[in-house]
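Asker: One structure is given below, represented as structure tokens, and several questions about it will come after.
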Amino acid sequence: MKNKQLYRAMLTALLMALTIVCGRFFLLPIPWTHGNINLSDASILIAAALLGPLGGGIVGGVGTAFLDLISGYAQYAPFSLLAHGLEGILAGWCYQRWGKTKLGQGKTKLGQWSSLAVGALVMVGGYFLADSFLYTWVAGFLGIGTNLLQGLAGIIVAQLILPALKARWQD
């Protein structure tokens with residue numbers, strides 16, 4: 001039991017570091033929203049699928065809040081903690097429930113995609129509120145498209161990588 005807990009803690013830390021790397025180095029600046037599109041959502045959604053709601057929430061919330069602090073977006077850190085934290089929690093929760101077939105064996109593709117989409121939509125809503133609060137409602141609305149694109153990219157990358165990771169990760 002102790003080794004399993006240690007392995008989960010190490011995987012959580014690794015995915016949190018990956019969130020920071022993906023958010024810092026794989027990005028496309030978006031001037032009209034004061035932000036960027038990055039691949040941090042991919043690692044958050046991978047964490048949610050592999051570790052469940054708690055791991056997904058920790059990786060999403062803490063990882064992106066720290067990313068904002070080191071990237072010059074400190075004003076977004078509390079919003080990222082909430083938006084990406086909820087993204088990881090809800091995606092992990094939905095993934096555990098919707099991804100199972102009726103017989104409880106295996107996972108359904110529709111359930112997997114849907115659960116990750118729920119997480120990404122929560123992130124989009126969170127950043128709409130953040131941009132609206134920090135700037136204007138117009139900035140909030142302008143950010144919806146780019147945040148949807150970021151969420152979709154995260155879902156696609158996560159779905160491409162998850163089969164290989166699940167083959168190695170047995171929870």
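Ligands are numbered from 1 in the order shown, chains are lettered A, B, ... in the order of the structure tokens, and residues start at 1 in each chain.
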List the neighbours of Leu27 of chain A out to 10 Å using only C-alpha atoms; skip same-chain residues closer than 6 positions along the sequence, and give me the result as a list in words.
Answerer: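 Returned residues: Gly35, Asn36, Ile37, Asn38, Leu39, Ser40 and Gln150 of chain A.
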Asker: Would you pick out the contacts of segment 125-136 of chain A at 8 Å or less, using only C-alpha atoms, so that residues sharing its chain but fewer than 3 positions from it are not included, and give the list as a PyMOL selection string?
Answerer: chain A and resi 33+76+79-80+82-83+121-122+139-141+143-144+147
Asker: What does the file look like for those residues with N, CA, C and O atoms, as an mmCIF file, in the first residue's frame?
Answerer:
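Contents of the output file out-v1.cif:
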```cif
data_model
loop_
_atom_site.group_PDB
_atom_site.id
_atom_site.type_symbol
_atom_site.label_atom_id
_atom_site.label_comp_id
_atom_site.auth_asym_id
_atom_site.auth_seq_id
_atom_site.Cartn_x
_atom_site.Cartn_y
_atom_site.Cartn_z
ATOM 1 N N THR A 33 -6.528 39.145 -25.544
ATOM 2 C CA THR A 33 -7.037 38.607 -24.275
ATOM 3 C C THR A 33 -6.015 38.710 -23.150
ATOM 4 O O THR A 33 -6.269 38.236 -22.058
ATOM 5 N N TYR A 76 -3.634 36.299 -12.553
ATOM 6 C CA TYR A 76 -4.478 35.156 -12.919
ATOM 7 C C TYR A 76 -4.319 33.966 -11.969
ATOM 8 O O TYR A 76 -5.106 33.014 -12.045
ATOM 9 N N PHE A 79 -7.391 32.753 -10.092
ATOM 10 C CA PHE A 79 -8.397 32.285 -11.049
ATOM 11 C C PHE A 79 -7.990 30.942 -11.649
ATOM 12 O O PHE A 79 -8.828 30.067 -11.860
ATOM 13 N N SER A 80 -6.699 30.787 -11.936
ATOM 14 C CA SER A 80 -6.201 29.516 -12.471
ATOM 15 C C SER A 80 -6.338 28.404 -11.443
ATOM 16 O O SER A 80 -6.689 27.267 -11.787
ATOM 17 N N LEU A 82 -8.607 28.091 -9.257
ATOM 18 C CA LEU A 82 -10.009 27.666 -9.257
ATOM 19 C C LEU A 82 -10.438 27.040 -10.582
ATOM 20 O O LEU A 82 -11.025 25.946 -10.597
ATOM 21 N N ALA A 83 -10.162 27.715 -11.697
ATOM 22 C CA ALA A 83 -10.653 27.244 -12.996
ATOM 23 C C ALA A 83 -10.023 25.908 -13.386
ATOM 24 O O ALA A 83 -10.734 24.961 -13.742
ATOM 25 N N LEU A 121 -14.677 22.701 -20.590
ATOM 26 C CA LEU A 121 -15.721 23.742 -20.581
ATOM 27 C C LEU A 121 -15.748 24.498 -19.261
ATOM 28 O O LEU A 121 -16.014 25.708 -19.240
ATOM 29 N N VAL A 122 -15.457 23.816 -18.172
ATOM 30 C CA VAL A 122 -15.360 24.495 -16.872
ATOM 31 C C VAL A 122 -14.219 25.502 -16.896
ATOM 32 O O VAL A 122 -14.348 26.628 -16.403
ATOM 33 N N ALA A 139 -13.463 41.557 -23.126
ATOM 34 C CA ALA A 139 -12.287 40.683 -23.054
ATOM 35 C C ALA A 139 -12.696 39.266 -22.665
ATOM 36 O O ALA A 139 -12.146 38.282 -23.181
ATOM 37 N N GLY A 140 -13.671 39.152 -21.783
ATOM 38 C CA GLY A 140 -14.187 37.835 -21.404
ATOM 39 C C GLY A 140 -14.766 37.092 -22.590
ATOM 40 O O GLY A 140 -14.473 35.913 -22.811
ATOM 41 N N PHE A 141 -15.586 37.802 -23.377
ATOM 42 C CA PHE A 141 -16.186 37.171 -24.560
ATOM 43 C C PHE A 141 -15.133 36.849 -25.619
ATOM 44 O O PHE A 141 -15.194 35.804 -26.257
ATOM 45 N N GLY A 143 -12.138 36.009 -25.135
ATOM 46 C CA GLY A 143 -11.331 34.882 -24.680
ATOM 47 C C GLY A 143 -12.003 33.528 -24.833
ATOM 48 O O GLY A 143 -11.335 32.493 -24.777
ATOM 49 N N ILE A 144 -13.312 33.508 -25.033
ATOM 50 C CA ILE A 144 -14.028 32.229 -25.120
ATOM 51 C C ILE A 144 -13.488 31.367 -26.261
ATOM 52 O O ILE A 144 -13.200 30.182 -26.072
ATOM 53 N N ASN A 147 -9.922 30.094 -25.532
ATOM 54 C CA ASN A 147 -9.933 29.113 -24.446
ATOM 55 C C ASN A 147 -10.573 27.800 -24.889
ATOM 56 O O ASN A 147 -10.145 26.719 -24.463
#
```
Asker: Tell me, as an MDAnalysis selection string, which residues lie within 7 Å of segment 47-61 of chain A, counting only C-alpha atoms; anything in the same chain fewer than 3 positions away does not count.
Answerer: chainID A and resid 12 15:16 43:44 64:65 80:82 84:93 95:96
Asker: Would you please work out which residue, of A:Ala17, A:Ala167, A:Leu162, A:Ile46, is nearest to Gly63 of chain A when using only C-alpha atoms?
Answerer: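 Of A:Ala17, A:Ala167, A:Leu162, A:Ile46, the one nearest Gly63 of chain A is A:Ala17, counting only C-alpha atoms.
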